[in-house]
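Encoded as structure tokens, the structure appears first; notes follow it.
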Amino acid sequence: IGDKIKNIVERLQAEPLAFDESKLIDPLKVQGNVLLPPQRPPQQQPNQNGQNNQQPSDTPSPVQNNKNPLKSAVRIRLKDNGGLSFATGSYIGDTKDGKESIILTVSHLFRGISKNAVIESDIFTQDNKEHYTVEGRLIGHDPEADVGIYAIPKQNAEKLKPFKLASQDFVPKREDNVFSIGCGGGEPPTTQNCKVTEINRYQGPQNFETTGVALQGRGGGPLVYSKTGQIIGVTS
């Protein structure tokens, strides 16, 4: 996801934000605490020739063990200057003190954002039909990589399950199976299976192209490597 965004996350870990608990809509009881373990590159196992394989481990990640990976996604509404924009975000972990949860999304959602903008996150229940809404605060975004992060109070994110990020040096191969999660047209999140078709076709930060068409509102949702359940990109 780029060194710039990782630096933003590190700064957030060092200087956690303060939130007004009155911003919560439809309060939810705290039922525990889920923390994202420190990210490490997938362990490589020697092949028959004694060399390390370059593909990530096939061992299922915590997200892959979940019956519903949609539990990691949120629907985003940005209200600003009388306008309304929809996008998708994914929960990638918490601050070190466990008080805030970090949501990964797309940078262009925040282009020209004003001080009075309101970022709302809809968190869905298990049946994906009902949701409650929490306000968040923008932490930072990288327009070049088209990636942004914001935070919501941890106590209001207990229904979410964290996605793990793939190691920065991992690059998929053409025809590899991936899937995206997004809220097309502002609807509840859905998965879309696809395949990698191009790698680094465009200049700048690492980028991938896949089959399928992303409807408006799916932007910001995670692109997930099917074998590991780890995020390898963000739909832009």
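Going through the structure tokens in order, the chains are called A, B, and so on, while each chain numbers its residues from 1 and the ligands are numbered from 1 in the order shown.
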Long-range neighbours of Cys183 (chain A) as a PyMOL selection string, 9 Å cut-off, only C-alpha atoms, 5 positions minimum in chain:
chain A and resi 73-76+86-88+188-190+215-219+221
Could you write out the selected residues, including N, CA and C atoms, as a PDB file, in the first residue's frame?
ATOM      1  N   ALA A  73     -15.578  -5.189   5.913  1.00  0.00           N
ATOM      2  CA  ALA A  73     -15.854  -4.039   5.058  1.00  0.00           C
ATOM      3  C   ALA A  73     -16.849  -3.078   5.702  1.00  0.00           C
ATOM      4  N   VAL A  74     -16.718  -1.798   5.360  1.00  0.00           N
ATOM      5  CA  VAL A  74     -17.670  -0.783   5.783  1.00  0.00           C
ATOM      6  C   VAL A  74     -18.117   0.012   4.561  1.00  0.00           C
ATOM      7  N   ARG A  75     -19.340   0.496   4.616  1.00  0.00           N
ATOM      8  CA  ARG A  75     -19.833   1.424   3.586  1.00  0.00           C
ATOM      9  C   ARG A  75     -19.591   2.837   4.075  1.00  0.00           C
ATOM     10  N   ILE A  76     -18.988   3.661   3.230  1.00  0.00           N
ATOM     11  CA  ILE A  76     -18.609   5.019   3.618  1.00  0.00           C
ATOM     12  C   ILE A  76     -19.534   6.029   2.942  1.00  0.00           C
ATOM     13  N   PHE A  86     -20.382   8.118  -1.942  1.00  0.00           N
ATOM     14  CA  PHE A  86     -20.288   6.779  -1.378  1.00  0.00           C
ATOM     15  C   PHE A  86     -18.947   6.156  -1.747  1.00  0.00           C
ATOM     16  N   ALA A  87     -18.432   5.324  -0.857  1.00  0.00           N
ATOM     17  CA  ALA A  87     -17.213   4.558  -1.121  1.00  0.00           C
ATOM     18  C   ALA A  87     -17.229   3.341  -0.194  1.00  0.00           C
ATOM     19  N   THR A  88     -16.141   2.573  -0.258  1.00  0.00           N
ATOM     20  CA  THR A  88     -15.996   1.367   0.559  1.00  0.00           C
ATOM     21  C   THR A  88     -14.688   1.458   1.328  1.00  0.00           C
ATOM     22  N   PRO A 188     -25.239  -2.490   0.296  1.00  0.00           N
ATOM     23  CA  PRO A 188     -24.381  -3.235   1.219  1.00  0.00           C
ATOM     24  C   PRO A 188     -23.233  -3.916   0.474  1.00  0.00           C
ATOM     25  N   PRO A 189     -22.141  -4.227   1.170  1.00  0.00           N
ATOM     26  CA  PRO A 189     -20.957  -4.780   0.506  1.00  0.00           C
ATOM     27  C   PRO A 189     -21.196  -6.166  -0.082  1.00  0.00           C
ATOM     28  N   THR A 190     -20.575  -6.409  -1.232  1.00  0.00           N
ATOM     29  CA  THR A 190     -20.608  -7.718  -1.889  1.00  0.00           C
ATOM     30  C   THR A 190     -19.203  -8.057  -2.367  1.00  0.00           C
ATOM     31  N   LEU A 215     -18.362  -0.911 -10.050  1.00  0.00           N
ATOM     32  CA  LEU A 215     -19.424   0.080 -10.034  1.00  0.00           C
ATOM     33  C   LEU A 215     -19.064   1.228  -9.101  1.00  0.00           C
ATOM     34  N   GLN A 216     -19.654   2.399  -9.354  1.00  0.00           N
ATOM     35  CA  GLN A 216     -19.438   3.530  -8.474  1.00  0.00           C
ATOM     36  C   GLN A 216     -19.860   3.160  -7.062  1.00  0.00           C
ATOM     37  N   GLY A 217     -19.022   3.491  -6.101  1.00  0.00           N
ATOM     38  CA  GLY A 217     -19.271   3.126  -4.711  1.00  0.00           C
ATOM     39  C   GLY A 217     -18.384   1.995  -4.234  1.00  0.00           C
ATOM     40  N   ARG A 218     -17.818   1.212  -5.190  1.00  0.00           N
ATOM     41  CA  ARG A 218     -16.903   0.131  -4.805  1.00  0.00           C
ATOM     42  C   ARG A 218     -15.480   0.648  -4.603  1.00  0.00           C
ATOM     43  N   GLY A 219     -15.230   1.877  -5.040  1.00  0.00           N
ATOM     44  CA  GLY A 219     -13.913   2.476  -4.856  1.00  0.00           C
ATOM     45  C   GLY A 219     -13.529   2.522  -3.391  1.00  0.00           C
ATOM     46  N   GLY A 221     -12.620  -0.132  -1.733  1.00  0.00           N
ATOM     47  CA  GLY A 221     -12.712  -1.489  -1.228  1.00  0.00           C
ATOM     48  C   GLY A 221     -11.424  -2.263  -1.461  1.00  0.00           C
TER      49      GLY A 221
END
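DSSP on the backbone gives alpha helix (DSSP H) for these parts of region 61-206 of chain A: A:Pro62, A:Val63, A:Gln64, A:Asn65.
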Saved selection, atoms kept: all heavy atoms, as a PDB file, in the first residue's frame:
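Below is the file part-v4.pdb, written as the result:
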ATOM      1  N   PRO A  62      -6.627 -15.412   9.164  1.00  0.00           N
ATOM      2  CA  PRO A  62      -7.819 -15.279  10.001  1.00  0.00           C
ATOM      3  C   PRO A  62      -9.045 -14.847   9.215  1.00  0.00           C
ATOM      4  O   PRO A  62     -10.145 -15.270   9.488  1.00  0.00           O
ATOM      5  CB  PRO A  62      -7.396 -14.202  11.023  1.00  0.00           C
ATOM      6  CG  PRO A  62      -5.915 -14.350  11.111  1.00  0.00           C
ATOM      7  CD  PRO A  62      -5.475 -14.716   9.717  1.00  0.00           C
ATOM      8  N   VAL A  63      -8.849 -13.973   8.200  1.00  0.00           N
ATOM      9  CA  VAL A  63      -9.978 -13.529   7.396  1.00  0.00           C
ATOM     10  C   VAL A  63     -10.553 -14.692   6.597  1.00  0.00           C
ATOM     11  O   VAL A  63     -11.755 -14.857   6.466  1.00  0.00           O
ATOM     12  CB  VAL A  63      -9.534 -12.390   6.449  1.00  0.00           C
ATOM     13  CG1 VAL A  63     -10.633 -12.100   5.435  1.00  0.00           C
ATOM     14  CG2 VAL A  63      -9.217 -11.145   7.244  1.00  0.00           C
ATOM     15  N   GLN A  64      -9.668 -15.550   6.048  1.00  0.00           N
ATOM     16  CA  GLN A  64     -10.129 -16.679   5.255  1.00  0.00           C
ATOM     17  C   GLN A  64     -10.895 -17.676   6.124  1.00  0.00           C
ATOM     18  O   GLN A  64     -11.799 -18.361   5.645  1.00  0.00           O
ATOM     19  CB  GLN A  64      -8.926 -17.356   4.601  1.00  0.00           C
ATOM     20  CG  GLN A  64      -9.288 -18.201   3.379  1.00  0.00           C
ATOM     21  CD  GLN A  64      -8.055 -18.665   2.664  1.00  0.00           C
ATOM     22  OE1 GLN A  64      -6.957 -18.671   3.206  1.00  0.00           O
ATOM     23  NE2 GLN A  64      -8.215 -19.064   1.420  1.00  0.00           N
ATOM     24  N   ASN A  65     -10.556 -17.750   7.417  1.00  0.00           N
ATOM     25  CA  ASN A  65     -11.272 -18.647   8.301  1.00  0.00           C
ATOM     26  C   ASN A  65     -12.648 -18.112   8.669  1.00  0.00           C
ATOM     27  O   ASN A  65     -13.507 -18.865   9.117  1.00  0.00           O
ATOM     28  CB  ASN A  65     -10.453 -18.871   9.587  1.00  0.00           C
ATOM     29  CG  ASN A  65      -9.262 -19.777   9.339  1.00  0.00           C
ATOM     30  OD1 ASN A  65      -9.300 -20.610   8.450  1.00  0.00           O
ATOM     31  ND2 ASN A  65      -8.209 -19.600  10.124  1.00  0.00           N
TER      32      ASN A  65
END
CA of Ile119 (chain A) sits from CA of Gly98 (chain A) at a separation of 20.7 Å
Might you pull out every residue within 6 Å of region 141-148 of chain A, with only C-alpha atoms counted and same-chain residues fewer than 5 positions away left off, and present them as a PyMOL selection string?
chain A and resi 105-107+205
Write out the residues from the selection above, keeping C-alpha atoms, as a PDB file, in the first residue's frame.
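See result_7.pdb below for the written result:
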ATOM      1  CA  THR A 105      -9.985   3.364   1.648  1.00  0.00           C
ATOM      2  CA  VAL A 106      -9.323   5.442  -1.467  1.00  0.00           C
ATOM      3  CA  SER A 107      -7.674   8.879  -1.473  1.00  0.00           C
ATOM      4  CA  PRO A 205       3.075   3.280  -7.286  1.00  0.00           C
TER       5      PRO A 205
END
Restricting the calculation to only C-alpha atoms, which member of A:Thr125, A:Ser101, A:Gln206, A:Lys173 is positioned closest to Asn156 (chain A)?
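Selected residue with least distance to Asn156 (chain A): A:Ser101.
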Long-range neighbours of Ile103 (chain A) as a PDB file with C-alpha atoms, in the first residue's frame, 7 Å cut-off, only C-alpha atoms, 4 positions minimum in chain:
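The file below, result.pdb, is the result:
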ATOM      1  CA  GLY A  89     -13.436   0.828   3.292  1.00  0.00           C
ATOM      2  CA  SER A  90     -11.824  -2.107   5.087  1.00  0.00           C
ATOM      3  CA  TYR A  91     -10.754  -2.551   8.685  1.00  0.00           C
ATOM      4  CA  ILE A  92      -7.008  -3.267   8.854  1.00  0.00           C
ATOM      5  CA  ILE A 149      -6.933   6.053   6.030  1.00  0.00           C
ATOM      6  CA  TYR A 150      -9.260   7.294   8.744  1.00  0.00           C
ATOM      7  CA  ALA A 151     -10.148   6.092  12.227  1.00  0.00           C
TER       8      ALA A 151
END
So which residues touch Thr197 (chain A) within 7 Å, counting only C-alpha atoms, skipping near sequence neighbours fewer than 3 positions away, as a PyMOL selection string?
chain A and resi 174-175+209-211
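With only C-alpha atoms as the atoms that count, the residue of A:Asp94, A:Glu130, A:Asp80, A:Glu135 with the shortest distance to Lys115 (chain A) is A:Asp80.
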Could you pull out the strand (DSSP E or B) residues of region 62-228 of chain A from DSSP and send them as a PyMOL selection string?
chain A and resi 73-80+83-94+100-105+118-124+131-142+147-153+164-165+177-182+190-199+208-210+222-225
Students should find that CA of Val196 (chain A) and CA of Arg111 (chain A) are spaced 27.9 Å
